[in-house]
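The structure under discussion appears below in the form of structure tokens.
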Amino acid sequence: MRFTLKDYQAEAVRDVLQNLGQARDMYHRYGSLSQFSLTATTGAGKTVMAAAVIEALFFGNDEFDFQPDPGAVVLWFSDDPSLNEQSRARLHESGSELGDRLKVIETTFSEPSLRPGHVYFLNTQKLSKNSRLVRGEPEHFPGQGRLFQPKPDEMQSSIYDVITNTVENKDLTLYFILDEAHRGMGTSSRDRTTIVRRLINGSGAVPPMPVVFGISATVERFEAAMKDAKGRTALPPVVVDSSLVQASGLLKDDIVLSIPAEQGAFDTVLLRRAVDKIRESTAAWLEYAAEQGGTEPVVPLLVVQVGDKPSDEDLLRMLDAIYEAWPELGFDAIAHVFGEHKDLMVGQQPVPYIEPQRVQDQKHIRVLLAKSAISTGWDCPRAEVLVSMRPAQDRTHITQLLGRMIRTPLARRIPGNELLNSVDCLLPFFDRKAATEVAEMLMKGATSKDDEDDDTGGGEGRRVLFDPVELHPNPQVPKKVWDCFADLPTVTIPKKGVKPIRRLTALATALSKDGLIEDAVEKAHRHLHAVLDGRAVQYKEKVDHARQDVLTMSGEEARGRLGGGISYRSFEESADPRAIEDSYRAATRLLSPALCSSYVDHLVGPDGDEDDLLEANIAVAALGRVIEVFQAVEDEADDLARSWLTQTRVARKGLSDERQSEYDRLEGMSTKPERISLTVPVAAQADTKVREADGAERELETRLMHLMASEDGSYPVELNNWERKVVNSEMGQPGFKGWYRNPARNTKESLAIAYKDESGDWKSLRPDFIFFGADHSGKVMADLVDPHGHHLSDALPKLRGLVDFAEQYQSEFRRIESVAETNGTMRVLDLTRHHVRQAVREAESAKGLYESRIASDY
């Protein structure tokens, strides 16, 4: 793989491979057919995950402990040629070993069977009744007349014969991947539905697909269709949590909606506003690129969505408004993706057609005209502003298109800058109620199972904002407060399936690359070599026993006599080089290939021969079988990685955001909470009004002295009664210097505390407020105050997480307090006190803690 998988992507790939391994085994052992789906929101990187899966199918994968299938053949199917081509290009870009193994089945395809180790791309249009690929099919489907004419001379067989030959070859396994699996499974297109279902279920002389793997953002229709398939086993679906995708930084955090505040014809007014926004975005990306030093700037795109049949006058009026607001816009900077696929002449302005999949790379195009959703072939993360001329009843079309515009341009979140992590949508023909409904759709994702193309990425962690106010660092807040904020601790949230040894090697590689620790890889491996040497002596008896297991194969011989019973006799045979190699590979899956290879070199030394090399491989294979050795190496790798991350914490702040994002990933691969740095915010945005479901509005109250503020120094807040009491009280304290509403979502500018839920899984708590005050000497300190609902099921686990955080970091705060209202009184737990922390650890009820004598009135 050319790309490093995100944590959620790696977990999904592991689950998919588990299903495929089971499906392969079921098919070859019992002839069982199977199916399952991968569901992931738009922008989650489904094709990247598919590339990792296919590479593992062809070549195996040690990290996922997956053995290759030498007979694997992948048939990749979609209902659109441009979607197929885009998928092929993405697989080629993602998979370092796929290369020329990606084959498009053209109408002249003439091979008798699909070849193992290859991915073949096919689409619905090539299987239509008049296609040259199928005209030579010798059998017709039951209940129908003959569909196909005699074969073309240059073809050895029809595509259905090719599929039949492939499926009937016992040495092959045909994996059918249905891309955008929700398409083609309904009833809207009878021909398309018939073709897809024929392929999956088989018909006439054509056998069914052995393994069906559907990939989509919305697969309900696919799942429903599969339930009707006879004799096919449904394996567990693989579902990617949309909140993890949002947290990864691949998707934009905010969608900003702009609508008219009064009745009138405001289409050109908002169009000019959209142009202003795209120009501001252009300047912001240029500034960011300059700050990062040598980074190529993002070139943002304005998308103008028109009705299904725009008149020439409408188009001319739009272009005039665009050029009036953007006079330096190039003559060739506007294009369209209308379904007619024809170049246009609007007045004197040429507007050429461009294929949707080419828009991202054609950076001279700054304005794109579109109609409804660009549902296929669309991947344009630089699309940052949408103005839609469609009426309010077309809100589904708008959400479809916005769902294609939510990818972040750099495939990562820009730390501290909410403006660069947002997309703008301007709706000239909407009122407040209709816009509120759009907001709800954007937060939830697909509106219904019937809207097969509608997916916006879903919502946890995303905001939909209406004309937000921009926020910047508050000049009224003293520098000492900002310095205090920058030094505050926040921690990683440990993840499942972490491999500390691989993490250390990756970290060492990054540190060497950035010149932060010289020869870090060699130093890391030398450190672990010493651990292996020491543990080999410490657990010598177990290692010797494991060595014997590596060198011998134990078996049992069964003998039966006619008229008598069966007798058994054990035997042992010496392992051959192939068996030893297999044992060595098993060790690399635990200790990592890189460490095993370097340890072999360490054992062999510079003057070693082939016998020494064999002996070293046996030694590694034996060490890999002793769990105490493996655990000791993992623990040491974890400790060294943690030490190096702490040692380089300050130095890494001088790296570019792109390089820091690599360390963010490595920091996140922790087995227990580890300290990381908070990012100081530089730009933010917030709503100034609350909109109810009926479109009614109410102004949000504001407070002063927030670290991020609007031009007039205010900060809009939406507070419940508890929070309002806390904010008002803290702002009235002597020495008060400022405050910060800690973001509730996973961003680098949000202080996180790790806790274990009732299932033992790690979760994040993000306390509501950080207040800053000066003591009698003038030193600024932070107060962590979290109004906390004691009635919630996770109240006690969160309190215990806060206790563990306070135990470790209390010296860096003046106060760490949890506040709750009970019996009409605000009560506080001071978690800097040992006896309070001990009571929390022993408590059975969060409410009881606030009512007890260890709490005091707030």
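Letters A, B, ... go to the chains of the structure tokens in the order shown; residues in each chain start at 1; ligands are counted from 1 in the same order.
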From the DSSP assignment of the backbone, select every residue of region 386-445 of chain A that is strand (DSSP E), and format the answer as a list in words.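 Written out, the strand (DSSP E) residues of region 386-445 of chain A are Leu386, Val387, Ser388, Ser422, Val423, Asp424, Cys425 and Leu426 of chain A.
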Can you check which parts of region 454-541 of chain A lie within 9 Å of region 759-776 of chain A? Per residue, the shortest pair of atoms and distance in Å to one decimal, counting only C-alpha atoms, sorted by chain and number, as JSON lines.
{"residue": "A:Val481", "atom": "CA", "partner": "A:Phe772", "partner_atom": "CA", "distance": 6.6}
{"residue": "A:Cys484", "atom": "CA", "partner": "A:Phe772", "partner_atom": "CA", "distance": 8.4}
{"residue": "A:Phe485", "atom": "CA", "partner": "A:Phe772", "partner_atom": "CA", "distance": 8.7}
{"residue": "A:Thr492", "atom": "CA", "partner": "A:Ser764", "partner_atom": "CA", "distance": 8.6}
{"residue": "A:Ile493", "atom": "CA", "partner": "A:Ser764", "partner_atom": "CA", "distance": 6.4}
{"residue": "A:Pro494", "atom": "CA", "partner": "A:Trp762", "partner_atom": "CA", "distance": 6.1}
{"residue": "A:Lys495", "atom": "CA", "partner": "A:Trp762", "partner_atom": "CA", "distance": 7.1}
{"residue": "A:Lys496", "atom": "CA", "partner": "A:Asp761", "partner_atom": "CA", "distance": 8.4}
Distance of CA of His529 (chain A) from CA of Gly497 (chain A), expressed in Å to one decimal place: 23.4 Å
At a cut-off of 8 Å, using only C-alpha atoms, what residues contact Val803 (chain A)? Leave out same-chain residues fewer than 2 positions from it and give the result as a PDB file with N, CA, C and O atoms, in the first residue's frame.
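Result file is result.pdb:
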ATOM      1  N   LEU A 799     -16.113  10.194  35.673  1.00  0.00           N
ATOM      2  CA  LEU A 799     -15.512  10.746  36.882  1.00  0.00           C
ATOM      3  C   LEU A 799     -14.189  10.053  37.206  1.00  0.00           C
ATOM      4  O   LEU A 799     -13.208  10.685  37.607  1.00  0.00           O
ATOM      5  N   ARG A 800     -14.156   8.731  37.009  1.00  0.00           N
ATOM      6  CA  ARG A 800     -12.923   7.990  37.297  1.00  0.00           C
ATOM      7  C   ARG A 800     -11.817   8.360  36.306  1.00  0.00           C
ATOM      8  O   ARG A 800     -10.641   8.400  36.673  1.00  0.00           O
ATOM      9  N   GLY A 801     -12.192   8.608  35.041  1.00  0.00           N
ATOM     10  CA  GLY A 801     -11.208   9.083  34.079  1.00  0.00           C
ATOM     11  C   GLY A 801     -10.656  10.435  34.476  1.00  0.00           C
ATOM     12  O   GLY A 801      -9.444  10.695  34.366  1.00  0.00           O
ATOM     13  N   PHE A 805      -6.759  11.478  35.495  1.00  0.00           N
ATOM     14  CA  PHE A 805      -6.101  12.632  34.883  1.00  0.00           C
ATOM     15  C   PHE A 805      -5.587  13.586  35.975  1.00  0.00           C
ATOM     16  O   PHE A 805      -4.457  14.080  35.915  1.00  0.00           O
ATOM     17  N   ALA A 806      -6.435  13.827  36.974  1.00  0.00           N
ATOM     18  CA  ALA A 806      -6.044  14.725  38.066  1.00  0.00           C
ATOM     19  C   ALA A 806      -4.868  14.161  38.856  1.00  0.00           C
ATOM     20  O   ALA A 806      -3.972  14.901  39.282  1.00  0.00           O
ATOM     21  N   GLU A 807      -4.860  12.846  39.056  1.00  0.00           N
ATOM     22  CA  GLU A 807      -3.758  12.199  39.774  1.00  0.00           C
ATOM     23  C   GLU A 807      -2.419  12.512  39.119  1.00  0.00           C
ATOM     24  O   GLU A 807      -1.421  12.771  39.791  1.00  0.00           O
ATOM     25  N   LEU A 831     -11.182  17.336  42.717  1.00  0.00           N
ATOM     26  CA  LEU A 831     -10.442  16.124  42.379  1.00  0.00           C
ATOM     27  C   LEU A 831      -8.940  16.263  42.577  1.00  0.00           C
ATOM     28  O   LEU A 831      -8.191  15.317  42.307  1.00  0.00           O
ATOM     29  N   ARG A 837     -10.514  11.595  45.384  1.00  0.00           N
ATOM     30  CA  ARG A 837     -10.215  10.664  44.291  1.00  0.00           C
ATOM     31  C   ARG A 837     -10.443   9.226  44.745  1.00  0.00           C
ATOM     32  O   ARG A 837     -10.989   8.397  43.995  1.00  0.00           O
ATOM     33  N   VAL A 840     -14.144   8.430  44.792  1.00  0.00           N
ATOM     34  CA  VAL A 840     -14.680   8.236  43.441  1.00  0.00           C
ATOM     35  C   VAL A 840     -14.358   6.828  42.942  1.00  0.00           C
ATOM     36  O   VAL A 840     -15.201   6.145  42.346  1.00  0.00           O
TER      37      VAL A 840
END
Separation of CA of Val211 (chain A) from CA of Val16 (chain A), in Å and rounded to one decimal: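 A separation of 12.1 Å between them.
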Would you kindly return, as a list in words, each protein, DNA or RNA residue with an atom no farther than 10 Å from any atom of Phe3 (chain A), considering only C-alpha atoms and excluding same-chain residues fewer than 2 positions away?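 Result of the neighbour search: Met1, Leu5, Lys6, Val48, Ala52, Glu93, Ser94, Gly95 and Ser96 of chain A.
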For Pro577 (chain A): contacts at 10 Å, only C-alpha atoms, fewer than 5 positions along chain excluded, given as a VMD selection string: chain A and resid 551 582 to 583 614 618
Between CA of Leu271 (chain A) and CA of Phe430 (chain A), measure the distance and give it in Å to one decimal.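 Atom-to-atom, CA of Leu271 (chain A) and CA of Phe430 (chain A) are spaced 13.8 Å apart.
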Excluding region 257-262 of chain A and residues on its chain fewer than 2 positions from it, collect all residues at most 9 Å away from it, counting only C-alpha atoms, and give them as a PDB file with all heavy atoms, in the first residue's frame.
ATOM      1  N   ILE A 255     -20.390  22.724   7.948  1.00  0.00           N
ATOM      2  CA  ILE A 255     -21.087  23.136   6.733  1.00  0.00           C
ATOM      3  C   ILE A 255     -21.828  24.422   7.060  1.00  0.00           C
ATOM      4  O   ILE A 255     -22.652  24.461   7.984  1.00  0.00           O
ATOM      5  CB  ILE A 255     -22.066  22.064   6.236  1.00  0.00           C
ATOM      6  CG1 ILE A 255     -21.303  20.787   5.856  1.00  0.00           C
ATOM      7  CG2 ILE A 255     -22.860  22.571   5.050  1.00  0.00           C
ATOM      8  CD1 ILE A 255     -22.201  19.649   5.433  1.00  0.00           C
ATOM      9  N   GLY A 264     -37.565  38.030  -1.666  1.00  0.00           N
ATOM     10  CA  GLY A 264     -37.055  38.798  -2.791  1.00  0.00           C
ATOM     11  C   GLY A 264     -36.219  37.931  -3.712  1.00  0.00           C
ATOM     12  O   GLY A 264     -35.968  36.757  -3.439  1.00  0.00           O
ATOM     13  N   PHE A 266     -32.899  37.133  -4.734  1.00  0.00           N
ATOM     14  CA  PHE A 266     -31.540  37.355  -4.224  1.00  0.00           C
ATOM     15  C   PHE A 266     -30.538  36.357  -4.807  1.00  0.00           C
ATOM     16  O   PHE A 266     -29.486  36.131  -4.212  1.00  0.00           O
ATOM     17  CB  PHE A 266     -31.537  37.239  -2.687  1.00  0.00           C
ATOM     18  CG  PHE A 266     -32.402  38.273  -2.012  1.00  0.00           C
ATOM     19  CD1 PHE A 266     -33.552  37.891  -1.342  1.00  0.00           C
ATOM     20  CD2 PHE A 266     -32.076  39.614  -2.070  1.00  0.00           C
ATOM     21  CE1 PHE A 266     -34.355  38.836  -0.717  1.00  0.00           C
ATOM     22  CE2 PHE A 266     -32.875  40.566  -1.452  1.00  0.00           C
ATOM     23  CZ  PHE A 266     -34.014  40.177  -0.771  1.00  0.00           C
ATOM     24  N   LEU A 270     -26.550  36.444  -3.667  1.00  0.00           N
ATOM     25  CA  LEU A 270     -25.844  35.362  -3.005  1.00  0.00           C
ATOM     26  C   LEU A 270     -24.782  34.737  -3.902  1.00  0.00           C
ATOM     27  O   LEU A 270     -23.791  34.202  -3.415  1.00  0.00           O
ATOM     28  CB  LEU A 270     -26.823  34.295  -2.517  1.00  0.00           C
ATOM     29  CG  LEU A 270     -27.637  34.662  -1.269  1.00  0.00           C
ATOM     30  CD1 LEU A 270     -28.411  33.456  -0.757  1.00  0.00           C
ATOM     31  CD2 LEU A 270     -26.753  35.200  -0.161  1.00  0.00           C
ATOM     32  N   VAL A 423     -17.074  23.945   4.611  1.00  0.00           N
ATOM     33  CA  VAL A 423     -17.581  24.128   3.255  1.00  0.00           C
ATOM     34  C   VAL A 423     -18.805  25.027   3.328  1.00  0.00           C
ATOM     35  O   VAL A 423     -19.595  24.946   4.283  1.00  0.00           O
ATOM     36  CB  VAL A 423     -17.918  22.765   2.601  1.00  0.00           C
ATOM     37  CG1 VAL A 423     -18.958  22.011   3.392  1.00  0.00           C
ATOM     38  CG2 VAL A 423     -18.379  22.937   1.161  1.00  0.00           C
ATOM     39  N   ASP A 424     -18.947  25.939   2.352  1.00  0.00           N
ATOM     40  CA  ASP A 424     -20.054  26.894   2.346  1.00  0.00           C
ATOM     41  C   ASP A 424     -21.118  26.481   1.346  1.00  0.00           C
ATOM     42  O   ASP A 424     -20.814  26.046   0.227  1.00  0.00           O
ATOM     43  CB  ASP A 424     -19.544  28.289   1.970  1.00  0.00           C
ATOM     44  CG  ASP A 424     -18.852  28.974   3.135  1.00  0.00           C
ATOM     45  OD1 ASP A 424     -19.550  29.595   3.944  1.00  0.00           O
ATOM     46  OD2 ASP A 424     -17.619  28.877   3.228  1.00  0.00           O
ATOM     47  N   CYS A 425     -22.382  26.643   1.729  1.00  0.00           N
ATOM     48  CA  CYS A 425     -23.506  26.383   0.835  1.00  0.00           C
ATOM     49  C   CYS A 425     -24.472  27.570   0.909  1.00  0.00           C
ATOM     50  O   CYS A 425     -24.982  27.889   1.983  1.00  0.00           O
ATOM     51  CB  CYS A 425     -24.229  25.096   1.232  1.00  0.00           C
ATOM     52  SG  CYS A 425     -25.680  24.734   0.233  1.00  0.00           S
ATOM     53  N   LEU A 426     -24.700  28.209  -0.229  1.00  0.00           N
ATOM     54  CA  LEU A 426     -25.593  29.378  -0.283  1.00  0.00           C
ATOM     55  C   LEU A 426     -26.857  28.995  -1.028  1.00  0.00           C
ATOM     56  O   LEU A 426     -26.802  28.440  -2.139  1.00  0.00           O
ATOM     57  CB  LEU A 426     -24.886  30.548  -0.974  1.00  0.00           C
ATOM     58  CG  LEU A 426     -23.636  31.070  -0.242  1.00  0.00           C
ATOM     59  CD1 LEU A 426     -22.379  30.383  -0.765  1.00  0.00           C
ATOM     60  CD2 LEU A 426     -23.506  32.575  -0.389  1.00  0.00           C
ATOM     61  N   LEU A 427     -28.016  29.311  -0.431  1.00  0.00           N
ATOM     62  CA  LEU A 427     -29.314  28.855  -0.929  1.00  0.00           C
ATOM     63  C   LEU A 427     -30.231  30.049  -1.167  1.00  0.00           C
ATOM     64  O   LEU A 427     -31.023  30.422  -0.298  1.00  0.00           O
ATOM     65  CB  LEU A 427     -29.940  27.889   0.080  1.00  0.00           C
ATOM     66  CG  LEU A 427     -29.067  26.683   0.483  1.00  0.00           C
ATOM     67  CD1 LEU A 427     -29.716  25.909   1.616  1.00  0.00           C
ATOM     68  CD2 LEU A 427     -28.811  25.783  -0.707  1.00  0.00           C
ATOM     69  N   PRO A 428     -30.180  30.668  -2.352  1.00  0.00           N
ATOM     70  CA  PRO A 428     -30.965  31.878  -2.604  1.00  0.00           C
ATOM     71  C   PRO A 428     -32.468  31.678  -2.530  1.00  0.00           C
ATOM     72  O   PRO A 428     -33.211  32.615  -2.204  1.00  0.00           O
ATOM     73  CB  PRO A 428     -30.540  32.283  -4.022  1.00  0.00           C
ATOM     74  CG  PRO A 428     -29.246  31.599  -4.255  1.00  0.00           C
ATOM     75  CD  PRO A 428     -29.289  30.344  -3.473  1.00  0.00           C
ATOM     76  N   PHE A 429     -32.959  30.468  -2.840  1.00  0.00           N
ATOM     77  CA  PHE A 429     -34.409  30.254  -2.940  1.00  0.00           C
ATOM     78  C   PHE A 429     -34.975  29.471  -1.756  1.00  0.00           C
ATOM     79  O   PHE A 429     -36.021  28.839  -1.867  1.00  0.00           O
ATOM     80  CB  PHE A 429     -34.737  29.547  -4.251  1.00  0.00           C
ATOM     81  CG  PHE A 429     -34.331  30.339  -5.464  1.00  0.00           C
ATOM     82  CD1 PHE A 429     -33.244  29.956  -6.230  1.00  0.00           C
ATOM     83  CD2 PHE A 429     -35.016  31.497  -5.819  1.00  0.00           C
ATOM     84  CE1 PHE A 429     -32.859  30.690  -7.345  1.00  0.00           C
ATOM     85  CE2 PHE A 429     -34.635  32.240  -6.924  1.00  0.00           C
ATOM     86  CZ  PHE A 429     -33.551  31.843  -7.688  1.00  0.00           C
ATOM     87  N   PHE A 430     -34.296  29.539  -0.632  1.00  0.00           N
ATOM     88  CA  PHE A 430     -34.740  28.824   0.564  1.00  0.00           C
ATOM     89  C   PHE A 430     -35.198  29.802   1.637  1.00  0.00           C
ATOM     90  O   PHE A 430     -34.701  30.924   1.730  1.00  0.00           O
ATOM     91  CB  PHE A 430     -33.598  27.965   1.128  1.00  0.00           C
ATOM     92  CG  PHE A 430     -33.499  26.598   0.506  1.00  0.00           C
ATOM     93  CD1 PHE A 430     -33.336  26.462  -0.860  1.00  0.00           C
ATOM     94  CD2 PHE A 430     -33.579  25.468   1.275  1.00  0.00           C
ATOM     95  CE1 PHE A 430     -33.252  25.216  -1.442  1.00  0.00           C
ATOM     96  CE2 PHE A 430     -33.504  24.209   0.709  1.00  0.00           C
ATOM     97  CZ  PHE A 430     -33.334  24.079  -0.658  1.00  0.00           C
ATOM     98  N   ASP A 431     -36.147  29.323   2.451  1.00  0.00           N
ATOM     99  CA  ASP A 431     -36.515  30.081   3.643  1.00  0.00           C
ATOM    100  C   ASP A 431     -35.908  29.374   4.854  1.00  0.00           C
ATOM    101  O   ASP A 431     -35.220  28.365   4.727  1.00  0.00           O
ATOM    102  CB  ASP A 431     -38.031  30.198   3.778  1.00  0.00           C
ATOM    103  CG  ASP A 431     -38.720  28.830   3.819  1.00  0.00           C
ATOM    104  OD1 ASP A 431     -38.048  27.814   4.130  1.00  0.00           O
ATOM    105  OD2 ASP A 431     -39.924  28.768   3.530  1.00  0.00           O
ATOM    106  N   ARG A 432     -36.153  29.901   6.026  1.00  0.00           N
ATOM    107  CA  ARG A 432     -35.527  29.362   7.224  1.00  0.00           C
ATOM    108  C   ARG A 432     -35.961  27.935   7.523  1.00  0.00           C
ATOM    109  O   ARG A 432     -35.149  27.092   7.929  1.00  0.00           O
ATOM    110  CB  ARG A 432     -35.826  30.274   8.417  1.00  0.00           C
ATOM    111  CG  ARG A 432     -34.936  31.496   8.433  1.00  0.00           C
ATOM    112  CD  ARG A 432     -35.547  32.658   9.187  1.00  0.00           C
ATOM    113  NE  ARG A 432     -34.615  33.763   9.264  1.00  0.00           N
ATOM    114  CZ  ARG A 432     -34.211  34.482   8.206  1.00  0.00           C
ATOM    115  NH1 ARG A 432     -34.661  34.186   7.001  1.00  0.00           N
ATOM    116  NH2 ARG A 432     -33.347  35.472   8.349  1.00  0.00           N
ATOM    117  N   ALA A 435     -34.296  25.557   5.054  1.00  0.00           N
ATOM    118  CA  ALA A 435     -32.870  25.466   5.330  1.00  0.00           C
ATOM    119  C   ALA A 435     -32.602  24.645   6.587  1.00  0.00           C
ATOM    120  O   ALA A 435     -31.617  23.897   6.659  1.00  0.00           O
ATOM    121  CB  ALA A 435     -32.268  26.860   5.485  1.00  0.00           C
ATOM    122  N   ALA A 439     -30.329  21.315   7.049  1.00  0.00           N
ATOM    123  CA  ALA A 439     -29.353  21.129   8.121  1.00  0.00           C
ATOM    124  C   ALA A 439     -29.538  19.784   8.809  1.00  0.00           C
ATOM    125  O   ALA A 439     -28.572  19.071   9.099  1.00  0.00           O
ATOM    126  CB  ALA A 439     -29.472  22.265   9.135  1.00  0.00           C
ATOM    127  N   VAL A 464     -23.608  22.136  11.486  1.00  0.00           N
ATOM    128  CA  VAL A 464     -24.197  22.892  10.391  1.00  0.00           C
ATOM    129  C   VAL A 464     -24.503  24.282  10.935  1.00  0.00           C
ATOM    130  O   VAL A 464     -25.272  24.430  11.889  1.00  0.00           O
ATOM    131  CB  VAL A 464     -25.469  22.221   9.845  1.00  0.00           C
ATOM    132  CG1 VAL A 464     -26.083  23.078   8.746  1.00  0.00           C
ATOM    133  CG2 VAL A 464     -25.144  20.830   9.309  1.00  0.00           C
ATOM    134  N   LEU A 465     -23.881  25.297  10.351  1.00  0.00           N
ATOM    135  CA  LEU A 465     -23.954  26.658  10.862  1.00  0.00           C
ATOM    136  C   LEU A 465     -24.701  27.561   9.897  1.00  0.00           C
ATOM    137  O   LEU A 465     -24.582  27.410   8.671  1.00  0.00           O
ATOM    138  CB  LEU A 465     -22.542  27.219  11.088  1.00  0.00           C
ATOM    139  CG  LEU A 465     -21.587  26.356  11.932  1.00  0.00           C
ATOM    140  CD1 LEU A 465     -20.195  26.946  11.932  1.00  0.00           C
ATOM    141  CD2 LEU A 465     -22.121  26.214  13.349  1.00  0.00           C
ATOM    142  N   PHE A 466     -25.456  28.511  10.424  1.00  0.00           N
ATOM    143  CA  PHE A 466     -26.177  29.493   9.618  1.00  0.00           C
ATOM    144  C   PHE A 466     -25.491  30.858   9.772  1.00  0.00           C
ATOM    145  O   PHE A 466     -25.544  31.465  10.836  1.00  0.00           O
ATOM    146  CB  PHE A 466     -27.631  29.613  10.071  1.00  0.00           C
ATOM    147  CG  PHE A 466     -28.469  28.397   9.801  1.00  0.00           C
ATOM    148  CD1 PHE A 466     -28.442  27.319  10.669  1.00  0.00           C
ATOM    149  CD2 PHE A 466     -29.278  28.320   8.677  1.00  0.00           C
ATOM    150  CE1 PHE A 466     -29.215  26.196  10.439  1.00  0.00           C
ATOM    151  CE2 PHE A 466     -30.057  27.199   8.437  1.00  0.00           C
ATOM    152  CZ  PHE A 466     -30.022  26.134   9.314  1.00  0.00           C
ATOM    153  N   ASP A 467     -24.860  31.323   8.725  1.00  0.00           N
ATOM    154  CA  ASP A 467     -24.204  32.642   8.759  1.00  0.00           C
ATOM    155  C   ASP A 467     -23.418  32.850  10.053  1.00  0.00           C
ATOM    156  O   ASP A 467     -23.721  33.745  10.846  1.00  0.00           O
ATOM    157  CB  ASP A 467     -25.244  33.764   8.605  1.00  0.00           C
ATOM    158  CG  ASP A 467     -25.733  33.861   7.170  1.00  0.00           C
ATOM    159  OD1 ASP A 467     -24.936  33.555   6.266  1.00  0.00           O
ATOM    160  OD2 ASP A 467     -26.891  34.238   6.957  1.00  0.00           O
ATOM    161  N   PRO A 468     -22.406  32.037  10.303  1.00  0.00           N
ATOM    162  CA  PRO A 468     -21.686  32.150  11.578  1.00  0.00           C
ATOM    163  C   PRO A 468     -20.821  33.407  11.629  1.00  0.00           C
ATOM    164  O   PRO A 468     -20.457  33.981  10.602  1.00  0.00           O
ATOM    165  CB  PRO A 468     -20.812  30.899  11.590  1.00  0.00           C
ATOM    166  CG  PRO A 468     -20.568  30.612  10.142  1.00  0.00           C
ATOM    167  CD  PRO A 468     -21.845  30.988   9.443  1.00  0.00           C
TER     168      PRO A 468
END
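Nearest residue to Ala23 (chain A) among A:Val298, A:Ala234, A:Val104, A:Ala44 is A:Ala234, counting only C-alpha atoms.
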Could you check the closest approach to Arg90 (chain A) for each of A:Ala506, A:Val196, A:Asp379, A:Glu220 and tell me which residue wins, using only C-alpha atoms?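 Nearest candidate to Arg90 (chain A) out of A:Ala506, A:Val196, A:Asp379, A:Glu220: A:Asp379.
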Dump as JSON lines the rows for residues of region 156-270 of chain A within 10 Å of region 67-87 of chain A: closest atom pair and distance in Å with one decimal, only C-alpha atoms counted, ordered by chain and rising residue number.
{"residue": "A:Ile163", "atom": "CA", "partner": "A:Leu75", "partner_atom": "CA", "distance": 9.4}
{"residue": "A:Thr166", "atom": "CA", "partner": "A:Val73", "partner_atom": "CA", "distance": 8.5}
{"residue": "A:Val167", "atom": "CA", "partner": "A:Val73", "partner_atom": "CA", "distance": 9.7}
{"residue": "A:Asn169", "atom": "CA", "partner": "A:Gly71", "partner_atom": "CA", "distance": 9.4}
{"residue": "A:Lys170", "atom": "CA", "partner": "A:Gly71", "partner_atom": "CA", "distance": 8.9}
{"residue": "A:Asp171", "atom": "CA", "partner": "A:Gly71", "partner_atom": "CA", "distance": 5.7}
{"residue": "A:Leu172", "atom": "CA", "partner": "A:Gly71", "partner_atom": "CA", "distance": 4.1}
{"residue": "A:Thr173", "atom": "CA", "partner": "A:Ala72", "partner_atom": "CA", "distance": 5.0}
{"residue": "A:Leu174", "atom": "CA", "partner": "A:Val73", "partner_atom": "CA", "distance": 4.9}
{"residue": "A:Tyr175", "atom": "CA", "partner": "A:Val74", "partner_atom": "CA", "distance": 4.8}
{"residue": "A:Phe176", "atom": "CA", "partner": "A:Leu75", "partner_atom": "CA", "distance": 4.9}
{"residue": "A:Ile177", "atom": "CA", "partner": "A:Trp76", "partner_atom": "CA", "distance": 4.8}
{"residue": "A:Leu178", "atom": "CA", "partner": "A:Phe77", "partner_atom": "CA", "distance": 5.0}
{"residue": "A:Asp179", "atom": "CA", "partner": "A:Ser78", "partner_atom": "CA", "distance": 5.2}
{"residue": "A:Glu180", "atom": "CA", "partner": "A:Ser78", "partner_atom": "CA", "distance": 6.7}
{"residue": "A:Ala181", "atom": "CA", "partner": "A:Ser78", "partner_atom": "CA", "distance": 7.8}
{"residue": "A:Arg183", "atom": "CA", "partner": "A:Asp79", "partner_atom": "CA", "distance": 7.2}
{"residue": "A:Gly184", "atom": "CA", "partner": "A:Asp79", "partner_atom": "CA", "distance": 6.8}
{"residue": "A:Arg192", "atom": "CA", "partner": "A:Asp79", "partner_atom": "CA", "distance": 7.5}
{"residue": "A:Thr193", "atom": "CA", "partner": "A:Asp79", "partner_atom": "CA", "distance": 9.9}
{"residue": "A:Ile195", "atom": "CA", "partner": "A:Asp79", "partner_atom": "CA", "distance": 9.9}
{"residue": "A:Val196", "atom": "CA", "partner": "A:Phe77", "partner_atom": "CA", "distance": 8.8}
{"residue": "A:Leu199", "atom": "CA", "partner": "A:Phe77", "partner_atom": "CA", "distance": 9.8}
{"residue": "A:Met209", "atom": "CA", "partner": "A:Leu75", "partner_atom": "CA", "distance": 9.8}
{"residue": "A:Val211", "atom": "CA", "partner": "A:Val74", "partner_atom": "CA", "distance": 9.8}
{"residue": "A:Val212", "atom": "CA", "partner": "A:Leu75", "partner_atom": "CA", "distance": 9.7}
{"residue": "A:Phe213", "atom": "CA", "partner": "A:Trp76", "partner_atom": "CA", "distance": 9.6}
{"residue": "A:Gly214", "atom": "CA", "partner": "A:Phe77", "partner_atom": "CA", "distance": 9.7}
